[in-house]
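Next comes entry31.txt, with compact mmCIF, C-alpha atoms.
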# COMPACT_ATOMS: atom_id res chain seq x y z
CA MET J 203 13.17 2.07 14.16
CA ALA J 204 9.49 2.08 15.12
CA TYR J 205 8.14 4.80 17.35
CA PRO J 206 4.62 5.64 18.50
CA GLY J 207 2.15 6.35 15.73
CA TYR J 208 4.43 5.53 12.83
CA GLY J 209 3.99 1.84 12.34
CA ALA J 210 6.63 -0.74 11.78
CA PRO J 211 9.46 0.11 9.44
CA PRO J 212 9.12 -1.26 5.89
CA HIS J 213 10.40 -4.82 5.55
CA GLY J 214 13.72 -5.10 3.76
CA GLY J 215 15.06 -7.84 1.58
CA THR J 216 13.68 -9.40 -1.53
CA PRO J 217 11.91 -12.66 -2.26
CA GLY J 218 14.02 -15.64 -3.31
CA ALA J 219 15.28 -16.41 -6.79
CA ASP J 220 12.70 -15.14 -9.09
CA PRO J 221 9.65 -16.91 -10.33
CA LEU J 222 8.23 -13.37 -10.12
CA TYR J 223 10.23 -12.36 -13.16
CA GLY J 224 7.93 -14.45 -15.34
CA TYR J 225 4.89 -12.45 -14.26
CA PHE J 226 6.78 -9.19 -14.63
CA SER J 227 8.38 -9.88 -18.01
CA ALA J 228 5.09 -11.10 -19.48
CA VAL J 229 3.74 -7.54 -19.34
CA ALA J 230 6.87 -5.33 -19.27
CA GLY J 231 7.77 -3.43 -22.40
CA GLN J 232 11.17 -3.25 -24.09
CA ASP J 233 12.27 -0.74 -21.46
CA GLY J 234 11.82 -3.28 -18.66
CA GLN J 235 9.20 -1.14 -16.94
CA ILE J 236 5.49 -1.65 -16.30
CA SER J 237 2.73 0.94 -16.19
CA ALA J 238 -0.35 0.90 -13.97
CA ASP J 239 -2.48 -0.98 -16.52
CA GLU J 240 0.32 -3.50 -17.07
CA LEU J 241 0.66 -3.93 -13.30
CA GLN J 242 -3.06 -4.56 -13.09
CA ARG J 243 -2.82 -7.28 -15.76
CA CYS J 244 0.25 -8.78 -14.11
CA LEU J 245 -1.35 -8.96 -10.66
CA THR J 246 -4.56 -10.39 -12.11
CA GLN J 247 -2.65 -13.06 -14.07
CA SER J 248 -0.57 -13.95 -11.01
CA GLY J 249 -3.66 -14.72 -8.97
CA LEU J 250 -2.35 -12.66 -6.05
CA SER J 251 -5.79 -11.27 -5.31
CA GLY J 252 -7.07 -14.85 -5.00
CA SER J 253 -10.85 -15.01 -4.91
CA TYR J 254 -11.10 -11.26 -4.32
CA GLN J 255 -11.88 -8.79 -7.09
CA PRO J 256 -8.86 -7.82 -9.23
CA PHE J 257 -7.06 -4.64 -8.21
CA SER J 258 -8.53 -1.46 -9.64
CA LEU J 259 -6.47 0.72 -11.95
CA GLU J 260 -6.45 3.44 -9.27
CA THR J 261 -5.00 1.05 -6.70
CA CYS J 262 -2.34 0.03 -9.23
CA ARG J 263 -1.45 3.69 -9.78
CA LEU J 264 -1.09 4.12 -6.02
CA MET J 265 1.14 1.06 -5.79
CA ILE J 266 3.45 2.44 -8.44
CA SER J 267 3.59 5.89 -6.83
CA MET J 268 4.47 4.35 -3.46
CA LEU J 269 7.65 2.76 -4.86
CA ASP J 270 8.42 5.01 -7.83
CA ARG J 271 11.99 5.91 -6.87
CA ASP J 272 12.86 7.45 -10.23
CA MET J 273 9.53 9.31 -10.62
CA SER J 274 8.88 7.63 -13.99
CA CYS J 275 5.26 6.62 -13.18
CA THR J 276 6.35 3.10 -14.03
CA MET J 277 7.84 0.23 -12.06
CA GLY J 278 11.02 -1.74 -12.70
CA PHE J 279 11.58 -5.30 -11.56
CA SER J 280 13.29 -4.31 -8.31
CA GLU J 281 10.34 -2.10 -7.36
CA PHE J 282 7.96 -4.89 -8.41
CA LYS J 283 9.67 -7.34 -6.04
CA ASP J 284 9.32 -4.83 -3.20
CA LEU J 285 5.64 -4.39 -4.04
CA TRP J 286 5.07 -8.15 -4.23
CA GLN J 287 6.49 -8.56 -0.74
CA ALA J 288 4.30 -5.75 0.64
CA LEU J 289 1.19 -7.12 -1.09
CA ASN J 290 1.71 -10.58 0.33
CA GLY J 291 2.13 -9.10 3.81
CA TRP J 292 -1.05 -7.05 3.47
CA LYS J 293 -2.95 -10.04 2.10
CA ASN J 294 -1.87 -12.16 5.07
CA VAL J 295 -3.01 -9.43 7.48
CA PHE J 296 -6.32 -9.04 5.64
CA VAL J 297 -7.02 -12.78 5.64
CA SER J 298 -6.19 -13.07 9.33
CA PHE J 299 -8.68 -10.32 10.25
CA ASP J 300 -11.42 -11.38 7.82
CA ARG J 301 -12.60 -13.85 10.43
CA ASP J 302 -15.99 -14.55 8.87
CA ARG J 303 -14.34 -15.13 5.45
CA SER J 304 -16.69 -12.63 3.81
CA GLY J 305 -13.95 -11.12 1.66
CA THR J 306 -14.23 -7.89 3.64
CA VAL J 307 -13.16 -6.56 7.00
CA GLU J 308 -15.38 -4.54 9.30
CA GLY J 309 -14.33 -1.34 11.04
CA HIS J 310 -13.12 -2.98 14.24
CA GLU J 311 -11.21 -5.60 12.21
CA MET J 312 -9.64 -2.83 10.14
CA HIS J 313 -8.53 -1.07 13.32
CA GLN J 314 -7.01 -4.31 14.62
CA ALA J 315 -5.31 -4.96 11.27
CA ILE J 316 -3.76 -1.49 11.13
CA THR J 317 -2.64 -1.79 14.75
CA SER J 318 -1.12 -5.23 14.07
CA MET J 319 1.06 -3.61 11.39
CA GLY J 320 2.53 -1.30 14.04
CA TYR J 321 0.52 1.85 13.43
CA ASN J 322 -0.87 3.70 16.43
CA LEU J 323 -3.59 5.92 15.00
CA SER J 324 -6.10 8.02 16.88
CA PRO J 325 -9.77 7.07 16.77
CA GLN J 326 -10.31 10.17 14.63
CA ALA J 327 -7.69 9.07 12.08
CA MET J 328 -9.18 5.56 11.97
CA ASN J 329 -12.64 7.04 11.48
CA CYS J 330 -11.37 9.09 8.51
CA MET J 331 -9.90 5.94 6.95
CA LEU J 332 -13.10 3.98 7.50
CA LYS J 333 -15.21 6.72 5.94
CA ARG J 334 -12.96 6.79 2.90
CA TYR J 335 -12.51 3.05 2.32
CA SER J 336 -15.64 1.31 3.58
CA ILE J 337 -18.93 0.63 1.89
CA ASN J 338 -21.71 -0.06 4.37
CA GLY J 339 -19.11 -0.47 7.11
CA ARG J 340 -17.08 -3.11 5.24
CA ILE J 341 -13.70 -2.78 3.51
CA ALA J 342 -12.95 -4.99 0.49
CA PHE J 343 -9.42 -6.28 -0.18
CA ASP J 344 -8.71 -3.78 -2.98
CA ASP J 345 -9.69 -0.88 -0.71
CA PHE J 346 -7.68 -2.38 2.16
CA VAL J 347 -4.59 -2.48 -0.06
CA SER J 348 -5.26 1.05 -1.28
CA CYS J 349 -5.45 2.23 2.32
CA CYS J 350 -2.25 0.36 3.25
CA VAL J 351 -0.40 1.85 0.27
CA ARG J 352 -1.41 5.39 1.22
CA LEU J 353 -0.67 4.84 4.89
CA ARG J 354 2.79 3.45 4.15
CA ALA J 355 3.68 6.11 1.57
CA LEU J 356 2.48 9.00 3.73
CA THR J 357 4.26 7.57 6.77
CA ASP J 358 7.48 7.23 4.75
CA GLN J 359 7.20 10.85 3.61
CA PHE J 360 6.48 12.01 7.16
CA ARG J 361 9.46 10.07 8.55
CA ARG J 362 11.79 11.78 6.07
CA ARG J 363 10.74 15.14 7.46
CA ASP J 364 10.65 14.18 11.15
CA THR J 365 14.42 14.12 11.52
CA ALA J 366 14.28 14.31 15.33
CA GLN J 367 11.80 11.38 15.42
CA THR J 368 9.41 13.26 17.69
CA GLY J 369 6.19 12.65 15.79
CA ASN J 370 6.27 16.20 14.40
CA ALA J 371 7.26 17.37 10.95
CA SER J 372 7.29 20.69 9.20
CA PHE J 373 6.00 20.93 5.63
CA LYS J 374 5.97 23.90 3.33
CA TYR J 375 2.65 24.21 1.53
CA ASP J 376 4.04 23.22 -1.88
CA ASP J 377 5.84 20.23 -0.39
CA PHE J 378 2.65 19.12 1.37
CA ILE J 379 0.69 19.37 -1.89
CA GLN J 380 3.33 17.38 -3.77
CA VAL J 381 3.36 14.62 -1.15
CA THR J 382 -0.41 14.27 -0.89
CA MET J 383 -1.21 14.71 -4.57
CA SER J 384 1.38 12.14 -5.64
CA LEU J 385 -0.72 9.52 -3.86

Target format structure tokens, applied to this file:
Amino acid sequence: MAYPGYGAPPHGGTPGADPLYGYFSAVAGQDGQISADELQRCLTQSGLSGSYQPFSLETCRLMISMLDRDMSCTMGFSEFKDLWQALNGWKNVFVSFDRDRSGTVEGHEMHQAITSMGYNLSPQAMNCMLKRYSINGRIAFDDFVSCCVRLRALTDQFRRRDTAQTGNASFKYDDFIQVTMSL
């Protein structure tokens, strides 16, 4: 259920029968898991980033932490399929708001992109995001994905604690530190 300020709920389901497994298995170890550097290689080899710069190692770490259900700091194939779906969604949003085809989005395009994904953020929150992710007022694809990963993961954590769905949650200090430092 979506409610003001939270964004749309994560998309369920998985992609069809799996050509993705080839990308995944090419870098996964014997344990069937991939680390951040293996994820980076996998995404680069897959061409998902298209003509944009390959994903940074830090962005790959964030991607794993967003979906790391077993807290292993690695990603299994099921988590990888979920990530692939999210990445394709974010790429489609990015491309649709990169109207001048510069490979970056400007602040107002970023605001429109975030809003199109169902988030209702204050101007102050948007300004914080722009300060963190933009260089000279422009946000590259890797930084856009990094922002989307953090926004989704923090929203998911907030939703778990906002049991009354009022837009308010209570965090103990240690819990807050764990949530924010894990991203």

From the set J:Thr368, J:Phe378, J:Cys275, J:Leu264, which residue has the shortest atom-to-atom contact distance to Arg354 in chain J, counting all atoms listed in the file?
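Result for the nearest residue to Arg354 in chain J: J:Leu264.
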
Range 278-294 of chain J surroundings by only C-alpha atoms, 8 Å radius, close-in-sequence under 4 positions cut, as an MDAnalysis selection string
chainID J and resid 213 216:217 222:223 226 234:236 250 265 269:270 298 343 347 350

Contacts of Val381 in chain J within 8 Å, only C-alpha atoms, excl. fewer than 4 positions in-chain, as an NGL selection string
:J and (356 or 359 or 377 or 385)

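Shortest atom-to-atom contact with Phe346 in chain J among J:Gln367, J:Gln232, J:Ser258, J:Ser248: J:Ser258, counting all atoms listed in the file.
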
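With all atoms listed in the file as the atoms that count, the residue of J:Asp300, J:Asp358, J:Asp364, J:Asp376 with the shortest distance to Met268 in chain J is J:Asp358.
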
So which one's closest to Leu241 in chain J, J:Ile337, J:Ala342, J:Ile266, J:Met383? Using all atoms listed in the file, please.
J:Ile266
